[in-house]
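Undergrad: The structure's right below; bear with me while I get my questions together.
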Amino acid sequence: MKIKGILFSLLCCVSSAVMATEPYDRIAPLVEKAIADKQLPGAVVLVGRGEQVLYRKAFGFKTYSPAAAVATPDTVFDLASLTKPLVTTTLIMQLVEQGELRLTDPVGKYLQQLTDAEVKKITMLQLLTHSSGLADGFDRREFWQGKAGLDAALAKLQLKTKPDQQFVYSDIGFILLGLVVEQVTKQPLDLLAQQRIFQPLQMKGSRYLPQDKPLQDTAYLQRIAPTEQLNGDADYHKLLPNYAQPYLHAVVHDPTALRLGGVAGHAGVFGTADDLALFAQMLLNGGELKGQRVLSPLAVQRVLTPVVIGNQSRALGWDMQTGYSAPKGDLLPQGSFGHTGFTGTSIWLDPASRTYIILLSNRVHPNRTTSITELRARLANIVAAAIEL
């Protein structure tokens with residue numbers, strides 16, 4: 001009986017230890033295993049609720065080199081397609097608020113480069129929800145660069161399917177949206193992002209064109225995690241003929257954004273987890289943060305109203321339930337939303353609990369053969385399990 005009592009006490013102690021585990025203690029082993037499995041060299045994970053950051057930690061290194069610098073919480077990453085909701089969607093909605101355009105407006109109203117009659121009819125809403133019927137991207141076998149090259153490509157643009165029939169994730173659609181923003185405002189996209197989003201929210205680590213800053217910004221460049229090795233990619237070598245480094249560093253990874261000089265509506269922004277947390281807080285607060293209003297409450301509500309396309313669901317510029325929704329995991333509810341970036345970035349938000357999950361990495365270093373789909377989903381499940389309703 002005495003032995004049984006001792007065993008019972010030990011079991012109670014073990015049980016108490018398990019129960020006492022912090023809700024996010026499982027994050028570190030999860031990310032560290034992914035790094036050990038060479039899915040990514042390093043990462044930053046940030047979890048918040050409202051304006052409170054609950055978890056913020058960096059893992060691994062910026063590259064696989066033995067002399068690589070460690071990743072830090074303020075490491076800057078190429079955010080890739082997070083540009084779409086972060087910048088382009090926000091700027092479009094600001095123009096809607098200001099009466100400058102409507103979601104029902106046809107894109108041909110603003111872009112004279114388009115010549116196909118059906119393409120001209122595509123609406124802002126269809127572009128924002130990837131239901132326009134456009135292809136996912138331009139044919140990379142046709143090399144072009146700069147504004148003249150883009151205009152020539154747009155003059156040949158045609159629909160692949162009828163609008164509103166299916167969800168096809170399209171970089172072209174958000175390139176068009178970025179061009180609409182520039183046409184209406186008569187200002188470049190990077191300047192608008194800085195003035196209307198990054199500066200008001202104090203997103204000090206976010207910017208397009210990190211190399212086009214004064215020389216005294218060397219410290220910022222050193223914080224940037226590199227992406228893919230150039231190897232034999234013909235496009236990169238054509239676009240960067242004098243580039244001396246073996247991999248892209250402080251240069252946009254997306255080849256179409258690179259063709260456009262690094263500024264586009266679908267990709268191009270570099271940023272940090274802390275900056276994304278500020279943006280998330282703004283959305284969860286109805287478009288305002290610390291006295292700075294970026295969007296009106298009803299604009300945020302409109303953005304987050306689900307649009308069903310076939311059997312998939314999108315918000316305006318944001319994902320809700322599609323094949324790209326791995327960062328939602330298995331537990332986060334309907335109404336939650338987010339986005340991924342090809343370079344290894346993602347953010348997911350749950351308005352009901354005011355929770356947000358940010359994972360930034362450079363999983364395309366040294367090449368794009370790895371996947372972090374499972375990592376994103378498992379991370380979301382760990383965070384969701386800690387939410388108390």
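Labeling convention for the structure tokens: chains A, B, ... as they appear, residues from 1 per chain, ligands from 1 in order of appearance.
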Please list as a list in words every residue within 9 Å of Gln222 (chain A), counting only C-alpha atoms and excluding residues in the same chain fewer than 5 positions away.
TA: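 My reading of the contact set: Thr75, Val76 and Ala250 of chain A.
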Undergrad: Using only N, CA and C atoms, please write the residues we just selected to a file, as a short mmCIF file (atom, residue, chain, number, x, y, z; two decimals), in the first residue's frame.
TA:
data_model
loop_
_atom_site.label_atom_id
_atom_site.label_comp_id
_atom_site.auth_asym_id
_atom_site.auth_seq_id
_atom_site.Cartn_x
_atom_site.Cartn_y
_atom_site.Cartn_z
N THR A 75 14.61 40.33 -37.12
CA THR A 75 15.08 39.98 -38.46
C THR A 75 14.04 40.41 -39.49
N VAL A 76 14.52 40.96 -40.60
CA VAL A 76 13.65 41.42 -41.68
C VAL A 76 13.56 40.33 -42.74
N ALA A 250 18.26 41.37 -49.75
CA ALA A 250 17.73 42.73 -49.85
C ALA A 250 17.26 43.04 -51.27
#
Undergrad: If we count only C-alpha atoms, what is near Tyr356 (chain A) at a cut-off of 12 Å, once residues fewer than 3 positions away on the same chain are taken out, given as a ChimeraX atom specification?
TA: /A:45-56,273-274,276-284,327-328,332,336-339,346-353,359,379-380,383-384,387
Undergrad: Hey, what does DSSP flag as strand (DSSP E) within region 236-289 of chain A? Can you give it to me as a PyMOL selection string?
TA: chain A and resi 270-271+288-289
Undergrad: Excluding Val294 (chain A) and any residue of its chain fewer than 2 positions from it, enumerate the residues within 8 Å of it, using only C-alpha atoms, and give them as a PDB file with N, CA and C atoms, in the first residue's frame.
TA:
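Okay, this is what ended up in around_36.pdb:
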ATOM      1  N   GLN A  94      -8.916  52.226 -48.868  1.00  0.00           N
ATOM      2  CA  GLN A  94      -8.829  53.651 -48.549  1.00  0.00           C
ATOM      3  C   GLN A  94      -9.415  54.494 -49.686  1.00  0.00           C
ATOM      4  N   ARG A 196       0.759  56.045 -45.999  1.00  0.00           N
ATOM      5  CA  ARG A 196      -0.608  55.759 -45.579  1.00  0.00           C
ATOM      6  C   ARG A 196      -0.747  54.545 -44.668  1.00  0.00           C
ATOM      7  N   ILE A 197       0.315  53.707 -44.594  1.00  0.00           N
ATOM      8  CA  ILE A 197       0.204  52.500 -43.781  1.00  0.00           C
ATOM      9  C   ILE A 197       1.368  52.376 -42.798  1.00  0.00           C
ATOM     10  N   PRO A 200       1.944  55.718 -40.295  1.00  0.00           N
ATOM     11  CA  PRO A 200       0.915  55.882 -39.261  1.00  0.00           C
ATOM     12  C   PRO A 200       0.934  54.778 -38.210  1.00  0.00           C
ATOM     13  N   MET A 282      -4.256  46.700 -35.632  1.00  0.00           N
ATOM     14  CA  MET A 282      -5.075  47.722 -36.288  1.00  0.00           C
ATOM     15  C   MET A 282      -6.361  47.106 -36.841  1.00  0.00           C
ATOM     16  N   GLY A 287      -9.638  49.049 -37.575  1.00  0.00           N
ATOM     17  CA  GLY A 287      -8.961  49.966 -38.496  1.00  0.00           C
ATOM     18  C   GLY A 287      -8.155  51.057 -37.846  1.00  0.00           C
ATOM     19  N   GLU A 288      -8.050  51.037 -36.518  1.00  0.00           N
ATOM     20  CA  GLU A 288      -7.346  52.119 -35.791  1.00  0.00           C
ATOM     21  C   GLU A 288      -6.382  51.530 -34.775  1.00  0.00           C
ATOM     22  N   GLN A 292      -4.229  56.367 -34.542  1.00  0.00           N
ATOM     23  CA  GLN A 292      -3.996  56.465 -35.982  1.00  0.00           C
ATOM     24  C   GLN A 292      -4.998  55.564 -36.713  1.00  0.00           C
ATOM     25  N   SER A 296     -11.659  52.676 -41.935  1.00  0.00           N
ATOM     26  CA  SER A 296     -12.860  52.872 -41.122  1.00  0.00           C
ATOM     27  C   SER A 296     -13.377  51.520 -40.639  1.00  0.00           C
TER      28      SER A 296
END
Undergrad: Might you pull out every residue within 6 Å of region 310-323 of chain A, with only C-alpha atoms counted and same-chain residues fewer than 4 positions away left off, and present them as a list in words?
TA: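 Skipping anything fewer than 4 positions along the chain leaves Pro85, Thr89, Leu128, Thr129, Gln166, Val303, Leu304, Thr305, Pro306, Phe337, Gly338 and His339 of chain A.
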Undergrad: From the set A:Ala377, A:Val44, A:Ala386, A:Ile357, which residue has the shortest atom-to-atom contact distance to Lys62 (chain A), counting only C-alpha atoms?
TA: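 For Lys62 (chain A), the nearest of the candidates is A:Val44.
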Undergrad: Can you pull out every residue within 9 Å of Arg378 (chain A), counting only C-alpha atoms, but drop anything in the same chain fewer than 4 positions away, and send it as a list of chain:residue names?
TA: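 Once the nearby chain positions are removed, what remains is A:Ile27, A:Leu30, A:Ala326, A:Pro327, A:Gly329, A:Asp330, A:Thr373, A:Glu374, A:Ile382, A:Val383.
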Undergrad: Mind writing the picked residues with N, CA and C atoms as a PDB file, in the first residue's frame?
TA:
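The new file out_17.pdb reads:
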ATOM      1  N   ILE A  27       5.746  25.216 -29.073  1.00  0.00           N
ATOM      2  CA  ILE A  27       6.146  25.906 -30.304  1.00  0.00           C
ATOM      3  C   ILE A  27       7.617  25.690 -30.599  1.00  0.00           C
ATOM      4  N   LEU A  30       8.614  22.318 -32.062  1.00  0.00           N
ATOM      5  CA  LEU A  30       8.039  22.198 -33.401  1.00  0.00           C
ATOM      6  C   LEU A  30       8.909  22.908 -34.436  1.00  0.00           C
ATOM      7  N   ALA A 326      -3.377  26.706 -44.920  1.00  0.00           N
ATOM      8  CA  ALA A 326      -2.654  25.925 -43.912  1.00  0.00           C
ATOM      9  C   ALA A 326      -2.447  26.680 -42.603  1.00  0.00           C
ATOM     10  N   PRO A 327      -2.166  27.996 -42.617  1.00  0.00           N
ATOM     11  CA  PRO A 327      -1.945  28.699 -41.344  1.00  0.00           C
ATOM     12  C   PRO A 327      -3.182  28.768 -40.450  1.00  0.00           C
ATOM     13  N   GLY A 329      -4.825  25.999 -39.670  1.00  0.00           N
ATOM     14  CA  GLY A 329      -4.812  24.764 -38.910  1.00  0.00           C
ATOM     15  C   GLY A 329      -6.177  24.087 -38.910  1.00  0.00           C
ATOM     16  N   ASP A 330      -6.433  23.297 -37.879  1.00  0.00           N
ATOM     17  CA  ASP A 330      -7.667  22.522 -37.789  1.00  0.00           C
ATOM     18  C   ASP A 330      -8.671  23.066 -36.778  1.00  0.00           C
ATOM     19  N   THR A 373       4.162  23.848 -45.073  1.00  0.00           N
ATOM     20  CA  THR A 373       2.699  23.780 -44.938  1.00  0.00           C
ATOM     21  C   THR A 373       2.296  23.136 -43.620  1.00  0.00           C
ATOM     22  N   GLU A 374       2.918  22.003 -43.284  1.00  0.00           N
ATOM     23  CA  GLU A 374       2.586  21.308 -42.043  1.00  0.00           C
ATOM     24  C   GLU A 374       2.999  22.131 -40.822  1.00  0.00           C
ATOM     25  N   ILE A 382      -1.476  24.625 -32.070  1.00  0.00           N
ATOM     26  CA  ILE A 382      -0.933  24.857 -30.718  1.00  0.00           C
ATOM     27  C   ILE A 382      -1.500  26.158 -30.148  1.00  0.00           C
ATOM     28  N   VAL A 383      -1.500  27.202 -30.966  1.00  0.00           N
ATOM     29  CA  VAL A 383      -1.997  28.503 -30.506  1.00  0.00           C
ATOM     30  C   VAL A 383      -3.502  28.439 -30.256  1.00  0.00           C
TER      31      VAL A 383
END
Undergrad: Apply DSSP to the backbone of this structure and, from region 183-287 of chain A, keep only the residues in alpha helix (DSSP H); write these as JSON, numbers by chain.
TA: {"A": [183, 184, 185, 189, 190, 191, 192, 193, 218, 219, 220, 221, 222, 234, 235, 236, 237, 238, 239, 255, 256, 257, 258, 259, 273, 274, 275, 276, 277, 278, 279, 280, 281, 282, 283, 284]}
Undergrad: Which residue out of A:Ser325, A:Lys38, A:Leu159, A:Leu86 has the minimum interatomic distance to Val119 (chain A) when only C-alpha atoms are used?
TA: A:Leu159
Undergrad: Which neighbours of Lys121 (chain A) fall inside 7 Å, counting only C-alpha atoms, when residues of the same chain fewer than 5 positions from it are skipped, and could you give them as a list in words?
TA: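 Contacts, with the query itself left out: Pro106, Val107 and Gly108 of chain A.
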Undergrad: Restricted to C-alpha atoms, what would the selected residues look like written as a CSV table (one decimal), in the first residue's frame?
TA:
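Now in out-v2.csv:
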chain,number,residue,atom,x,y,z
A,106,PRO,CA,-14.3,47.7,-64.1
A,107,VAL,CA,-10.5,47.7,-64.2
A,108,GLY,CA,-10.6,49.0,-67.8
Undergrad: For Phe138 (chain A), list every protein, DNA or RNA residue within 10 Å, evaluated using only C-alpha atoms, and leave out those in the same chain fewer than 2 positions away; present the list as a VMD selection string.
TA: chain A and resid 134 to 136 140 to 143 150 153 to 154 157 170 to 172 256
Undergrad: Given the choices A:Lys290, A:Lys238, A:His130, A:Arg363, which gets closest to Tyr169 (chain A) if the distance is worked out from only C-alpha atoms?
TA: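 Closest candidate: A:His130.
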Undergrad: In Å, with one decimal, what is the gap from CA of Gln334 (chain A) to CA of Arg293 (chain A)?
TA: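 Between these atoms lies a distance of 26.4 Å.
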Undergrad: Given only C-alpha atoms as the basis, pick out the residue of A:Phe174, A:Val269, A:Tyr24, A:Ala244 nearest to Asp190 (chain A).
TA: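 The shortest atom-to-atom distance to Asp190 (chain A) comes from A:Val269.
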Undergrad: Which of these residues is nearest to Leu191 (chain A), using only C-alpha atoms: A:Ser132, A:Phe59, A:Tyr110, A:Val87?
TA: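 Closest to Leu191 (chain A) of all the choices is A:Val87.
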Undergrad: Calculated over only C-alpha atoms, which of the candidates A:Tyr247, A:Phe167, A:Phe270, A:Trp144 has the smallest distance to Lys204 (chain A)?
TA: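 For Lys204 (chain A), the nearest of the given residues is A:Phe270.
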Undergrad: How far is it from CA of Thr63 (chain A) to CA of Leu240 (chain A), in Å with one decimal?
TA: 21.2 Å
